[in-house]
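Source file: coords_14.txt; contents: compact mmCIF, C-alpha atoms and all ligand atoms.
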```
# COMPACT_ATOMS: atom_id res chain seq x y z
CA MET I 1 -10.06 -19.26 10.82
CA THR I 2 -11.33 -19.87 7.32
CA ASP I 3 -9.33 -18.65 4.41
CA PRO I 4 -11.85 -16.98 2.07
CA SER I 5 -9.74 -17.85 -0.99
CA LEU I 6 -10.79 -21.44 -0.40
CA SER I 7 -14.46 -20.59 -0.72
CA THR I 8 -16.41 -22.24 -3.48
CA GLU I 9 -18.10 -19.00 -4.57
CA PRO I 10 -18.19 -18.48 -8.33
CA ILE I 11 -15.33 -16.41 -9.64
CA SER I 12 -17.59 -13.72 -11.03
CA ILE I 13 -21.25 -13.43 -10.27
CA SER I 14 -22.28 -13.00 -13.83
CA ALA I 15 -21.16 -14.68 -16.98
CA LEU I 16 -22.96 -11.82 -18.71
CA ALA I 17 -21.11 -8.57 -18.98
CA PRO I 18 -22.99 -5.72 -17.26
CA GLY I 19 -23.66 -2.76 -19.53
CA ARG I 20 -24.66 0.02 -17.12
CA THR I 21 -23.82 1.08 -13.58
CA ARG I 22 -23.50 4.20 -11.48
CA VAL I 23 -19.80 3.87 -10.66
CA GLY I 24 -17.49 1.94 -12.96
CA ILE I 25 -14.39 0.85 -11.04
CA ILE I 26 -11.28 -0.35 -12.89
CA GLY I 27 -9.04 -2.60 -10.78
CA ALA I 28 -9.64 -5.07 -7.95
CA GLY I 29 -6.65 -4.20 -5.80
CA PRO I 30 -7.32 -2.87 -2.31
CA ALA I 31 -8.43 0.55 -3.64
CA GLY I 32 -11.05 -0.73 -6.09
CA LEU I 33 -12.38 -3.48 -3.83
CA LEU I 34 -12.68 -1.26 -0.77
CA LEU I 35 -14.35 1.52 -2.74
CA ALA I 36 -16.88 -0.94 -4.18
CA GLN I 37 -17.66 -2.25 -0.71
CA LEU I 38 -18.08 1.21 0.85
CA LEU I 39 -20.38 2.22 -2.01
CA HIS I 40 -22.42 -0.95 -1.62
CA ARG I 41 -22.90 -0.14 2.07
CA ALA I 42 -24.12 3.31 1.03
CA GLY I 43 -26.54 1.82 -1.50
CA VAL I 44 -24.61 2.99 -4.56
CA ASP I 45 -24.24 0.43 -7.38
CA ALA I 46 -20.83 -0.21 -8.85
CA VAL I 47 -19.17 -2.69 -11.19
CA VAL I 48 -15.55 -3.73 -10.67
CA LEU I 49 -13.50 -4.79 -13.70
CA GLU I 50 -10.24 -6.62 -13.01
CA ALA I 51 -7.75 -7.59 -15.73
CA ARG I 52 -6.19 -10.55 -13.88
CA ASP I 53 -7.71 -13.73 -12.46
CA ARG I 54 -8.79 -14.16 -8.86
CA THR I 55 -5.87 -16.37 -7.81
CA TYR I 56 -3.34 -13.90 -9.14
CA VAL I 57 -4.95 -10.94 -7.36
CA GLU I 58 -5.25 -12.83 -4.08
CA HIS I 59 -1.65 -13.98 -3.99
CA ARG I 60 0.27 -10.88 -5.04
CA GLN I 61 2.69 -10.19 -2.17
CA ARG I 62 2.58 -6.61 -0.94
CA ALA I 63 2.95 -4.77 2.35
CA GLY I 64 0.80 -5.35 5.39
CA LEU I 65 0.92 -2.54 7.91
CA LEU I 66 -2.34 -0.76 8.63
CA GLU I 67 -2.91 2.63 10.21
CA GLN I 68 -5.79 2.90 12.66
CA ASN I 69 -7.74 4.83 9.96
CA THR I 70 -7.42 1.87 7.59
CA VAL I 71 -8.54 -0.62 10.22
CA ASP I 72 -11.54 1.61 10.99
CA VAL I 73 -12.61 1.90 7.36
CA LEU I 74 -12.22 -1.85 6.74
CA ARG I 75 -14.48 -2.46 9.73
CA ALA I 76 -16.97 0.11 8.42
CA ALA I 77 -16.95 -1.74 5.09
CA GLY I 78 -17.87 -4.97 6.90
CA ALA I 79 -14.42 -6.48 6.26
CA GLY I 80 -13.09 -6.34 9.82
CA ALA I 81 -13.93 -9.76 11.26
CA ARG I 82 -10.84 -11.77 10.27
CA LEU I 83 -8.66 -8.67 10.60
CA ASP I 84 -9.82 -8.30 14.21
CA ARG I 85 -9.12 -11.98 14.91
CA GLU I 86 -5.80 -12.37 13.15
CA GLY I 87 -4.28 -8.87 12.96
CA LEU I 88 -1.26 -8.23 15.20
CA ILE I 89 -1.45 -4.93 17.06
CA HIS I 90 1.86 -3.09 17.42
CA ASP I 91 2.58 -0.24 19.81
CA GLY I 92 5.98 0.74 18.46
CA VAL I 93 8.94 0.05 16.21
CA GLU I 94 12.63 -0.45 16.83
CA LEU I 95 15.31 1.63 15.11
CA ARG I 96 18.76 0.02 14.85
CA PHE I 97 22.00 1.73 13.95
CA ASP I 98 25.59 1.78 15.30
CA ARG I 99 24.85 -1.70 16.74
CA ARG I 100 22.29 -0.24 19.15
CA SER I 101 18.50 -0.47 19.40
CA HIS I 102 16.03 2.30 20.21
CA ARG I 103 12.30 1.86 20.57
CA VAL I 104 9.77 4.45 19.38
CA ASP I 105 6.56 4.11 21.38
CA PHE I 106 3.46 5.06 19.44
CA PRO I 107 0.58 5.48 21.91
CA SER I 108 2.49 7.84 24.21
CA LEU I 109 3.76 9.97 21.30
CA ALA I 110 0.80 9.82 18.90
CA ASP I 111 -2.31 10.33 20.94
CA GLY I 112 -2.91 6.66 21.74
CA ARG I 113 -2.63 5.49 18.14
CA ARG I 114 -1.09 2.14 17.16
CA VAL I 115 -0.78 0.06 13.97
CA THR I 116 -1.95 -3.41 12.92
CA ILE I 117 -0.06 -6.02 10.93
CA TYR I 118 -2.39 -7.77 8.49
CA ALA I 119 -1.22 -8.66 4.99
CA GLN I 120 -2.63 -6.90 1.96
CA THR I 121 -3.23 -10.33 0.39
CA GLU I 122 -5.62 -11.13 3.25
CA ILE I 123 -7.47 -7.81 2.91
CA VAL I 124 -7.93 -8.50 -0.79
CA LYS I 125 -9.21 -12.04 -0.08
CA ASP I 126 -11.65 -10.74 2.55
CA LEU I 127 -13.01 -8.00 0.28
CA ILE I 128 -13.40 -10.34 -2.71
CA ALA I 129 -15.21 -12.94 -0.59
CA LEU I 130 -17.55 -10.28 0.79
CA ARG I 131 -18.38 -8.84 -2.61
CA LEU I 132 -19.14 -12.23 -4.12
CA GLU I 133 -21.14 -13.33 -1.06
CA GLU I 134 -23.25 -10.20 -1.39
CA GLY I 135 -23.83 -10.92 -5.08
CA GLN I 136 -22.21 -7.70 -6.27
CA PRO I 137 -20.61 -7.46 -9.72
CA LEU I 138 -16.90 -8.16 -9.83
CA LEU I 139 -15.50 -9.43 -13.12
CA PHE I 140 -12.10 -11.07 -13.30
CA GLU I 141 -10.19 -11.27 -16.56
CA ALA I 142 -12.07 -8.16 -17.68
CA VAL I 143 -9.56 -5.77 -19.23
CA ALA I 144 -10.50 -2.10 -19.49
CA GLN I 145 -9.19 -0.84 -22.79
CA GLU I 146 -10.45 2.70 -23.06
CA ILE I 147 -12.38 5.29 -21.07
CA VAL I 148 -14.35 7.69 -23.23
CA GLY I 149 -16.52 10.73 -22.56
CA ILE I 150 -15.00 11.77 -19.23
CA ASP I 151 -16.04 15.36 -19.99
CA THR I 152 -19.68 14.28 -20.39
CA ASP I 153 -22.29 13.09 -17.85
CA GLN I 154 -22.04 9.56 -19.16
CA PRO I 155 -18.50 8.25 -19.39
CA VAL I 156 -18.09 4.80 -20.88
CA ILE I 157 -15.55 2.07 -20.19
CA ARG I 158 -14.77 -0.16 -23.16
CA TYR I 159 -13.56 -3.53 -21.91
CA PHE I 160 -12.72 -7.02 -23.07
CA HIS I 161 -14.18 -10.00 -21.21
CA ALA I 162 -14.92 -13.65 -22.02
CA GLY I 163 -13.70 -13.35 -25.56
CA ALA I 164 -15.73 -10.27 -26.52
CA GLU I 165 -15.66 -6.46 -26.44
CA HIS I 166 -18.19 -4.75 -24.14
CA THR I 167 -19.13 -1.27 -23.01
CA LEU I 168 -20.04 -0.16 -19.50
CA ASP I 169 -22.01 3.09 -19.30
CA CYS I 170 -21.37 4.89 -16.02
CA ASP I 171 -22.18 8.09 -14.14
CA PHE I 172 -18.60 8.13 -12.85
CA VAL I 173 -15.44 6.14 -13.57
CA VAL I 174 -12.90 5.51 -10.84
CA ALA I 175 -9.50 4.27 -11.98
CA CYS I 176 -8.09 2.08 -9.21
CA ASP I 177 -5.92 0.35 -11.77
CA GLY I 178 -2.50 0.78 -10.21
CA PHE I 179 0.63 2.46 -11.51
CA HIS I 180 0.54 0.83 -14.96
CA GLY I 181 -3.21 1.18 -15.57
CA ILE I 182 -5.02 3.13 -18.28
CA GLY I 183 -6.82 5.51 -15.89
CA ARG I 184 -4.12 8.11 -15.45
CA GLN I 185 -3.31 8.02 -19.17
CA SER I 186 -6.95 8.81 -19.94
CA LEU I 187 -6.65 12.35 -18.61
CA PRO I 188 -5.84 14.85 -21.35
CA GLU I 189 -2.07 15.37 -21.38
CA HIS I 190 -2.36 19.11 -20.77
CA ALA I 191 -4.48 18.48 -17.65
CA LEU I 192 -1.94 16.25 -15.89
CA THR I 193 1.23 17.14 -14.01
CA THR I 194 3.47 14.40 -12.64
CA TYR I 195 6.24 14.50 -10.04
CA SER I 196 8.65 11.64 -9.45
CA ARG I 197 11.86 10.50 -7.89
CA GLU I 198 13.78 7.26 -8.42
CA TYR I 199 16.04 5.93 -5.67
CA PRO I 200 19.36 4.26 -6.48
CA PHE I 201 18.39 1.10 -4.61
CA ALA I 202 15.64 -1.54 -4.39
CA TRP I 203 14.29 -3.94 -1.75
CA LEU I 204 14.80 -7.67 -1.84
CA GLY I 205 11.81 -9.04 0.11
CA ILE I 206 11.42 -12.55 1.50
CA LEU I 207 8.70 -14.52 3.24
CA ALA I 208 10.08 -17.17 5.60
CA GLU I 209 8.41 -19.91 7.58
CA VAL I 210 9.97 -18.99 10.89
CA PRO I 211 8.54 -17.18 13.91
CA PRO I 212 9.62 -13.51 13.91
CA SER I 213 12.82 -12.86 15.87
CA CYS I 214 11.25 -9.70 17.31
CA GLU I 215 7.95 -8.55 18.75
CA GLU I 216 7.89 -5.27 16.84
CA LEU I 217 9.27 -4.27 13.44
CA ILE I 218 12.98 -3.45 13.25
CA TYR I 219 14.21 -0.77 10.84
CA ALA I 220 18.03 -0.99 10.62
CA ARG I 221 20.54 1.33 9.01
CA HIS I 222 23.91 -0.33 8.47
CA GLU I 223 26.86 0.72 6.31
CA ARG I 224 26.15 -2.36 4.14
CA GLY I 225 22.58 -1.16 3.60
CA PHE I 226 19.12 -0.97 5.12
CA ALA I 227 17.28 -4.01 6.52
CA LEU I 228 13.72 -4.42 7.81
CA HIS I 229 12.33 -7.20 9.95
CA SER I 230 8.56 -7.44 9.62
CA MET I 231 6.14 -10.33 9.98
CA ARG I 232 2.91 -11.79 8.71
CA SER I 233 1.88 -13.89 11.72
CA GLU I 234 3.36 -15.58 14.78
CA HIS I 235 4.78 -18.22 12.42
CA VAL I 236 5.74 -16.29 9.31
CA SER I 237 8.41 -13.59 9.00
CA ARG I 238 8.73 -10.97 6.29
CA LEU I 239 12.19 -9.43 5.85
CA TYR I 240 13.75 -6.96 3.44
CA LEU I 241 17.28 -6.01 2.38
CA GLN I 242 18.39 -2.93 0.48
CA VAL I 243 20.00 -4.08 -2.80
CA ALA I 244 21.14 -2.39 -6.01
CA PRO I 245 18.25 -1.52 -8.37
CA ASP I 246 19.60 -3.83 -11.09
CA ASP I 247 20.24 -6.76 -8.73
CA GLU I 248 18.45 -10.06 -9.37
CA VAL I 249 16.86 -12.66 -7.12
CA GLU I 250 19.11 -15.33 -8.70
CA ASN I 251 22.11 -13.61 -7.04
CA TRP I 252 20.60 -14.25 -3.62
CA PRO I 253 20.65 -17.89 -2.50
CA ASP I 254 18.96 -18.38 0.87
CA ASP I 255 22.18 -18.57 2.92
CA ARG I 256 23.46 -15.33 1.46
CA ILE I 257 20.19 -13.59 2.42
CA TRP I 258 20.29 -14.83 6.01
CA ASP I 259 24.02 -13.99 6.37
CA GLU I 260 23.43 -10.47 5.09
CA LEU I 261 20.39 -9.94 7.33
CA GLU I 262 22.40 -11.13 10.31
CA LEU I 263 25.19 -8.65 9.57
CA ARG I 264 22.83 -5.69 9.13
CA PHE I 265 20.73 -6.44 12.22
CA ALA I 266 23.80 -7.12 14.44
CA VAL I 267 23.42 -5.42 17.81
CA GLU I 268 25.29 -5.29 21.11
CA GLY I 269 23.85 -7.70 23.68
CA ASP I 270 21.65 -10.74 23.32
CA TRP I 271 19.69 -11.01 20.08
CA LYS I 272 19.49 -13.75 17.53
CA LEU I 273 17.99 -13.82 14.06
CA GLU I 274 16.17 -17.12 13.61
CA ARG I 275 16.46 -18.70 10.15
CA GLY I 276 13.84 -20.79 8.36
CA PRO I 277 12.72 -21.94 4.93
CA ILE I 278 12.26 -19.04 2.50
CA THR I 279 9.00 -19.42 0.54
CA GLU I 280 9.04 -16.26 -1.57
CA LYS I 281 11.68 -13.83 -2.89
CA SER I 282 11.22 -10.73 -5.00
CA ILE I 283 12.92 -7.42 -5.77
CA THR I 284 10.91 -4.19 -5.78
CA PRO I 285 12.19 -0.87 -7.11
CA MET I 286 11.86 2.22 -4.91
CA ARG I 287 10.04 5.16 -6.38
CA SER I 288 8.11 8.26 -5.39
CA PHE I 289 5.43 9.44 -7.83
CA VAL I 290 2.44 11.80 -7.76
CA ALA I 291 -0.04 12.66 -10.53
CA GLU I 292 -2.08 15.84 -10.17
CA PRO I 293 -5.01 16.38 -10.22
CA MET I 294 -6.73 13.17 -9.15
CA ARG I 295 -9.90 14.05 -11.02
CA HIS I 296 -10.82 15.23 -14.49
CA GLY I 297 -14.51 15.59 -15.33
CA ARG I 298 -16.20 12.33 -14.40
CA LEU I 299 -12.95 10.35 -14.07
CA PHE I 300 -11.34 9.94 -10.64
CA LEU I 301 -7.97 8.37 -9.79
CA ALA I 302 -7.35 6.50 -6.52
CA GLY I 303 -4.48 4.52 -4.99
CA ASP I 304 -1.39 3.56 -6.98
CA ALA I 305 -3.00 4.91 -10.17
CA ALA I 306 -2.26 8.38 -8.79
CA HIS I 307 0.70 7.93 -6.45
CA ILE I 308 3.53 5.62 -5.45
CA VAL I 309 5.58 5.89 -2.26
CA PRO I 310 8.74 4.01 -1.34
CA PRO I 311 7.71 1.30 1.15
CA THR I 312 9.87 2.53 4.07
CA GLY I 313 6.99 4.47 5.62
CA ALA I 314 4.42 1.70 4.93
CA LYS I 315 2.06 4.26 3.41
CA GLY I 316 1.02 2.77 0.00
CA LEU I 317 -1.94 0.72 1.13
CA ASN I 318 -3.00 3.29 3.73
CA LEU I 319 -3.05 6.09 1.15
CA ALA I 320 -5.16 3.95 -1.17
CA ALA I 321 -7.63 3.35 1.69
CA ALA I 322 -7.72 7.08 2.54
CA ASP I 323 -8.42 8.04 -1.10
CA VAL I 324 -11.37 5.70 -1.44
CA THR I 325 -12.76 6.66 1.96
CA LEU I 326 -12.97 10.28 0.78
CA LEU I 327 -14.36 9.25 -2.58
CA ALA I 328 -17.01 6.91 -1.18
CA ARG I 329 -18.28 9.69 1.10
CA ALA I 330 -18.29 12.16 -1.78
CA LEU I 331 -20.24 9.79 -4.07
CA ASP I 332 -22.68 9.03 -1.26
CA ASP I 333 -23.27 12.79 -0.78
CA TRP I 334 -23.88 13.11 -4.51
CA TYR I 335 -26.38 10.26 -4.74
CA SER I 336 -28.18 10.94 -1.46
CA ARG I 337 -28.36 14.77 -1.61
CA THR I 338 -27.08 15.84 -5.05
CA ASP I 339 -24.26 17.52 -3.10
CA ALA I 340 -21.15 17.81 -5.28
CA THR I 341 -18.90 19.46 -2.67
CA GLY I 342 -17.06 16.26 -1.78
CA LEU I 343 -16.51 15.35 -5.43
CA ASP I 344 -15.21 18.84 -6.18
CA ARG I 345 -12.86 18.80 -3.20
CA TYR I 346 -11.70 15.19 -3.60
CA SER I 347 -8.50 15.86 -5.53
CA ASP I 348 -7.25 18.66 -3.25
CA ARG I 349 -8.07 16.79 -0.06
CA ALA I 350 -6.53 13.53 -1.22
CA LEU I 351 -3.41 15.25 -2.54
CA ARG I 352 -2.82 17.06 0.73
CA ARG I 353 -2.58 13.69 2.47
CA VAL I 354 -0.56 12.21 -0.41
CA TRP I 355 2.09 14.91 -0.14
CA ARG I 356 2.36 14.46 3.65
CA ALA I 357 2.91 10.74 3.05
CA GLN I 358 5.40 11.50 0.27
CA HIS I 359 7.42 13.68 2.58
CA PHE I 360 7.33 11.14 5.40
CA SER I 361 8.23 8.22 3.11
CA ASN I 362 11.12 10.15 1.61
CA TRP I 363 12.29 11.23 5.09
CA MET I 364 12.27 7.64 6.37
CA THR I 365 13.89 6.32 3.20
CA THR I 366 16.77 8.79 3.08
CA MET I 367 17.40 8.53 6.81
CA LEU I 368 17.56 4.73 6.80
CA HIS I 369 19.25 3.85 3.48
CA PRO I 370 22.90 4.55 2.80
CA ASP I 371 22.81 6.14 -0.66
CA PRO I 372 25.77 5.18 -2.86
CA ARG I 373 25.73 8.74 -4.27
CA ASP I 374 26.09 10.41 -0.86
CA ASP I 375 29.40 11.73 0.40
CA ALA I 376 30.61 10.95 3.93
CA PHE I 377 29.28 14.27 5.23
CA THR I 378 25.73 13.54 4.07
CA ALA I 379 25.85 10.05 5.55
CA ARG I 380 26.84 11.62 8.90
CA LEU I 381 23.91 14.03 8.70
CA TYR I 382 21.46 11.14 8.28
CA LEU I 383 23.02 9.28 11.19
CA SER I 384 22.65 12.37 13.32
CA GLN I 385 18.99 12.67 12.26
CA LEU I 386 18.41 9.03 13.21
CA ASP I 387 20.10 9.59 16.55
CA TYR I 388 17.85 12.62 17.14
CA VAL I 389 14.68 10.59 16.38
CA ALA I 390 15.94 7.82 18.66
CA THR I 391 16.67 10.08 21.62
CA SER I 392 14.36 13.13 21.48
CA SER I 393 10.67 12.66 22.15
CA ALA I 394 9.89 15.71 19.98
CA ALA I 395 11.64 14.10 17.01
CA ALA I 396 10.23 10.65 17.75
CA ALA I 397 6.73 12.14 17.85
CA THR I 398 7.16 13.16 14.20
CA LEU I 399 7.83 9.55 13.29
CA ALA I 400 5.07 8.17 15.50
CA GLU I 401 2.41 10.62 14.31
CA ASN I 402 3.10 10.06 10.61
CA TYR I 403 3.66 6.31 10.88
CA THR I 404 0.42 5.65 12.75
CA GLY I 405 -1.40 7.99 10.36
CA LEU I 406 -2.81 11.46 10.73
CA PRO I 407 -6.55 11.48 11.38
CA LEU I 408 -8.69 11.64 8.24
CA GLU I 409 -10.13 15.11 7.69
N1 LIG Y 1 -8.36 -3.26 -16.61
C1 LIG Y 1 -8.74 -3.88 -15.48
N2 LIG Y 1 -7.94 -3.97 -14.40
C2 LIG Y 1 -6.72 -3.41 -14.46
C3 LIG Y 1 -6.28 -2.73 -15.61
C4 LIG Y 1 -7.15 -2.68 -16.73
N3 LIG Y 1 -6.82 -2.06 -17.86
N4 LIG Y 1 -5.02 -2.27 -15.38
C5 LIG Y 1 -4.70 -2.64 -14.14
N5 LIG Y 1 -5.71 -3.34 -13.57
C6 LIG Y 1 -5.75 -3.94 -12.22
C7 LIG Y 1 -4.50 -4.69 -11.84
O1 LIG Y 1 -4.50 -6.02 -12.37
C8 LIG Y 1 -4.57 -4.68 -10.33
O2 LIG Y 1 -5.22 -5.81 -9.80
O3 LIG Y 1 -5.82 -2.92 -11.26
C9 LIG Y 1 -5.39 -3.43 -10.01
C10 LIG Y 1 -4.58 -2.37 -9.27
O4 LIG Y 1 -4.31 -2.83 -7.98
P1 LIG Y 1 -3.03 -2.39 -7.13
O5 LIG Y 1 -1.84 -2.33 -8.01
O6 LIG Y 1 -2.97 -3.26 -5.94
O7 LIG Y 1 -3.34 -0.87 -6.74
P2 LIG Y 1 -4.25 -0.24 -5.57
O8 LIG Y 1 -5.55 -0.95 -5.44
O9 LIG Y 1 -4.20 1.22 -5.81
O10 LIG Y 1 -3.47 -0.62 -4.25
C11 LIG Y 1 -2.46 0.14 -3.70
O11 LIG Y 1 -1.00 -1.71 -3.56
O12 LIG Y 1 1.08 -1.53 -4.58
C12 LIG Y 1 0.40 -1.52 -3.41
O13 LIG Y 1 1.72 -0.09 -2.13
C13 LIG Y 1 0.55 -0.20 -2.82
O14 LIG Y 1 -0.35 -1.13 -0.98
C14 LIG Y 1 -0.64 -0.24 -2.00
C15 LIG Y 1 -1.69 -0.78 -2.80
C1 LIG Y 2 5.69 -5.35 5.44
O1 LIG Y 2 5.34 -5.98 6.45
O2 LIG Y 2 5.65 -5.87 4.32
C2 LIG Y 2 6.20 -3.97 5.60
C3 LIG Y 2 6.15 -3.37 6.85
C4 LIG Y 2 6.63 -2.08 7.00
C5 LIG Y 2 7.15 -1.40 5.92
C6 LIG Y 2 7.17 -1.99 4.67
C7 LIG Y 2 6.69 -3.28 4.50
O3 LIG Y 2 7.65 -0.16 6.10
```
When written as structure tokens, how does the structure in this file appear?
Amino acid sequence: MTDPSLSTEPISISALAPGRTRVGIIGAGPAGLLLAQLLHRAGVDAVVLEARDRTYVEHRQRAGLLEQNTVDVLRAAGAGARLDREGLIHDGVELRFDRRSHRVDFPSLADGRRVTIYAQTEIVKDLIALRLEEGQPLLFEAVAQEIVGIDTDQPVIRYFHAGAEHTLDCDFVVACDGFHGIGRQSLPEHALTTYSREYPFAWLGILAEVPPSCEELIYARHERGFALHSMRSEHVSRLYLQVAPDDEVENWPDDRIWDELELRFAVEGDWKLERGPITEKSITPMRSFVAEPMRHGRLFLAGDAAHIVPPTGAKGLNLAAADVTLLARALDDWYSRTDATGLDRYSDRALRRVWRAQHFSNWMTTMLHPDPRDDAFTARLYLSQLDYVATSSAAAATLAENYTGLPLE
């Protein structure tokens, strides 16, 4: 089990800044890296520009729950070996409320589908290692500053790398540069519509060196707030607590976190939350966001650059993978057959899936988090909804089908 981040490969394959490529990709998160790899497999050249350094990108803690579609596309990209060895396959989740547990079984409710636990950090490490091994251009500390000419056949990325300004001439530019990137802002203002929702809570997430206290993930609704028990491996647990959006990590010493988790996960019968050393703590805001369309001229948006979901449905990474799967196929069709259908349909097809995931993520979030703005009546409605999902196979199938991921069109 080698950790690719320990490889001695050079950090970027070229000290020289490339000046021309077919597809210029901004951002080496999962969206940009996976797109580059799928294009490489299809024989389409691309250059990836990443603002941060390799260590930073490889160690940024994010989610780690993969739909079957995402596992399939990572395998197709040649990045499935370690995932297949180390990924944990899960056939269900547990819902906890009113001190009782209910299991939702995926394969029986969702046409045999299941999910895999494999951290986003590991996917990013695998994809970076693969790209560098294959000698494909990936530049760290290369900051895209401007995208020009998106209405022409030759858009250009102006970027800063190794102390100098450079230009990258492209056939297409794909902005995989996350929520704060320049890609979305490069669409003309009149061409872009955005939709968003802020939630009046955030998640405090921890990594702990302790074997998970459960075999499957536990999503708990408690009057003190939501809690989630997830994991990274048989030895490392990942847990989350709903906190106020303006709360700070400094307010949460380790004992307070474990005490609060214990209260929120409390259940009738035998169950114990194991404690261990906490190695990472962070607070993430909860937001829903969509930018439409996801294409303008020769500029395409993918992943967090175009949409953000609250993490309750575990859809962020999976949506990013679905976007670039569609886009890689569309670009392949263009280069192999001059067929522009996929490129022309990309935005509509991606957005259809994005809105399904937005609805599901909002549904899970509102059902599982007590909202300080809600009156007692509304809180009762959400408890009734949770009870329905826990006890009706028709309602549970809605959760199972969306959680495991609808098949890609
Ligand atoms: N130039 C170059 N790189 C940039 C620039 C820029 N101007 N701006 C941003 N970037 C880089 C960031 O440093 C980051 O590494 O773009 C990358 C975007 O990566 P992510 O934020 O991981 O976004 P994405 O690849 O779309 O992944 C989506 O990440 O946030 C989670 O829930 C989300 O799991 C989902 C996944
Ligand atoms: C995680 O393991 O980090 C995780 C799992 C499921 C979620 C969110 C995060 O819904």
Which polymer residues have any atom within 10 Å of an atom of Glu209 (chain I), counting all atoms listed in the file, with same-chain residues fewer than 6 positions away left out, as a ChimeraX atom specification? /I:232-238,275-280
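Across I:Leu239, I:Ala357, I:Phe97, I:Gly178, the tightest approach to Ser384 (chain I) is made by I:Phe97 when counting all atoms listed in the file.
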Could you check which of I:Thr121, I:Thr116, I:Thr152, I:Gln242 is closest to ligand LIG 1 (chain Y), using all atoms listed in the file? I:Thr121
Counting only C-alpha atoms, which residue out of I:Asp177, I:Leu39, I:Ile283, I:Leu263 sits closest to Asn251 (chain I)?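 The shortest atom-to-atom distance to Asn251 (chain I) comes from I:Ile283.
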Determine the nearest neighbour of Asp45 (chain I) from the options I:Val124, I:Met367, I:Val23, I:Leu95, counting all atoms listed in the file. I:Val23
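Note that CA of Cys170 (chain I) and CA of Pro18 (chain I) are 10.8 Å apart.
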Return as AutoDock Vina command-line options the centre and edge lengths, in Å with one decimal, of the box along x, y and z that encloses every atom of ligand LIG 1 (chain Y) in the file, padded by 4 Å per side.
```
--center_x -3.5 --center_y -2.4 --center_z -9.4 --size_x 18.5 --size_y 15.2 --size_z 24.9
```
Record the distance separating CA of Asp246 (chain I) and CA of Arg224 (chain I), expressed in Å with one decimal. 16.6 Å
From the list I:Val173, I:Leu406, I:Val115, I:Ala144, which residue is nearest ligand LIG 2 (chain Y) when using all atoms listed in the file?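 Answer, going by the shortest atom-to-atom distance: I:Val115.
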I:Ile308, I:Ile218, I:Leu138, I:Ala17: which is nearest Gly163 (chain I), counting only C-alpha atoms?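 Smallest separation from Gly163 (chain I) among the options: I:Ala17.
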Can you tell me, as a VMD selection string, which residues sit within 9 Å of (4.7, 8.9, 10.0) in the file's frame, using all atoms listed in the file? chain I and resid 313 to 315 356 to 357 360 to 361 364 397 to 406
How would you report the residues lying within 6 Å of ligand LIG 1 (chain Y), as a compact mmCIF listing (two decimals) with C-alpha atoms, keeping the file's coordinate frame, if you count all atoms listed in the file?
```
# COMPACT_ATOMS: atom_id res chain seq x y z
CA ILE I 26 -11.28 -0.35 -12.89
CA GLY I 27 -9.04 -2.60 -10.78
CA ALA I 28 -9.64 -5.07 -7.95
CA GLY I 29 -6.65 -4.20 -5.80
CA PRO I 30 -7.32 -2.87 -2.31
CA ALA I 31 -8.43 0.55 -3.64
CA GLY I 32 -11.05 -0.73 -6.09
CA LEU I 49 -13.50 -4.79 -13.70
CA GLU I 50 -10.24 -6.62 -13.01
CA ALA I 51 -7.75 -7.59 -15.73
CA ARG I 52 -6.19 -10.55 -13.88
CA VAL I 57 -4.95 -10.94 -7.36
CA ALA I 63 2.95 -4.77 2.35
CA ALA I 142 -12.07 -8.16 -17.68
CA VAL I 143 -9.56 -5.77 -19.23
CA ALA I 144 -10.50 -2.10 -19.49
CA GLN I 145 -9.19 -0.84 -22.79
CA CYS I 176 -8.09 2.08 -9.21
CA ASP I 177 -5.92 0.35 -11.77
CA GLY I 178 -2.50 0.78 -10.21
CA GLY I 181 -3.21 1.18 -15.57
CA ILE I 182 -5.02 3.13 -18.28
CA GLY I 303 -4.48 4.52 -4.99
CA ASP I 304 -1.39 3.56 -6.98
CA ALA I 305 -3.00 4.91 -10.17
CA GLY I 316 1.02 2.77 0.00
CA LEU I 317 -1.94 0.72 1.13
CA ALA I 320 -5.16 3.95 -1.17
```
Please report the interatomic distance between CA of Val243 (chain I) and CA of Leu204 (chain I) in Å with one decimal.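 CA of Val243 (chain I) sits 6.4 Å away from CA of Leu204 (chain I).
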I'd like the neighbourhood of Val104 (chain I) as number ranges by chain, where a residue qualifies if any of its atoms comes within 12 Å (using all atoms listed in the file), though same-chain residues fewer than 2 positions away should be ignored. I: 90-96, 101-102, 106-110, 114, 216-219, 386-401, 403-404
6 Å contact set for Ala227 (chain I), all atoms listed in the file, chain neighbours under 4 positions out, as a list of chain:residue names: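 In the requested form, the answer reads I:Ala220, I:Tyr240, I:Leu241.
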Quick one: residues within 12 Å of Thr193 (chain I), all atoms listed in the file counted, chain neighbours fewer than 6 positions away excluded, as a JSON list (two decimals) with C-alpha atoms, in the coordinates of the input?
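Done, and the output landed in around.json:
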```
[["chain", "number", "residue", "atom", "x", "y", "z"],
["I", 184, "ARG", "CA", -4.12, 8.11, -15.45],
["I", 185, "GLN", "CA", -3.31, 8.02, -19.17],
["I", 187, "LEU", "CA", -6.65, 12.35, -18.61],
["I", 289, "PHE", "CA", 5.43, 9.44, -7.83],
["I", 290, "VAL", "CA", 2.44, 11.80, -7.76],
["I", 291, "ALA", "CA", -0.04, 12.66, -10.53],
["I", 292, "GLU", "CA", -2.08, 15.84, -10.17],
["I", 293, "PRO", "CA", -5.01, 16.38, -10.22],
["I", 294, "MET", "CA", -6.73, 13.17, -9.15],
["I", 295, "ARG", "CA", -9.90, 14.05, -11.02],
["I", 306, "ALA", "CA", -2.26, 8.38, -8.79],
["I", 307, "HIS", "CA", 0.70, 7.93, -6.45]]
```
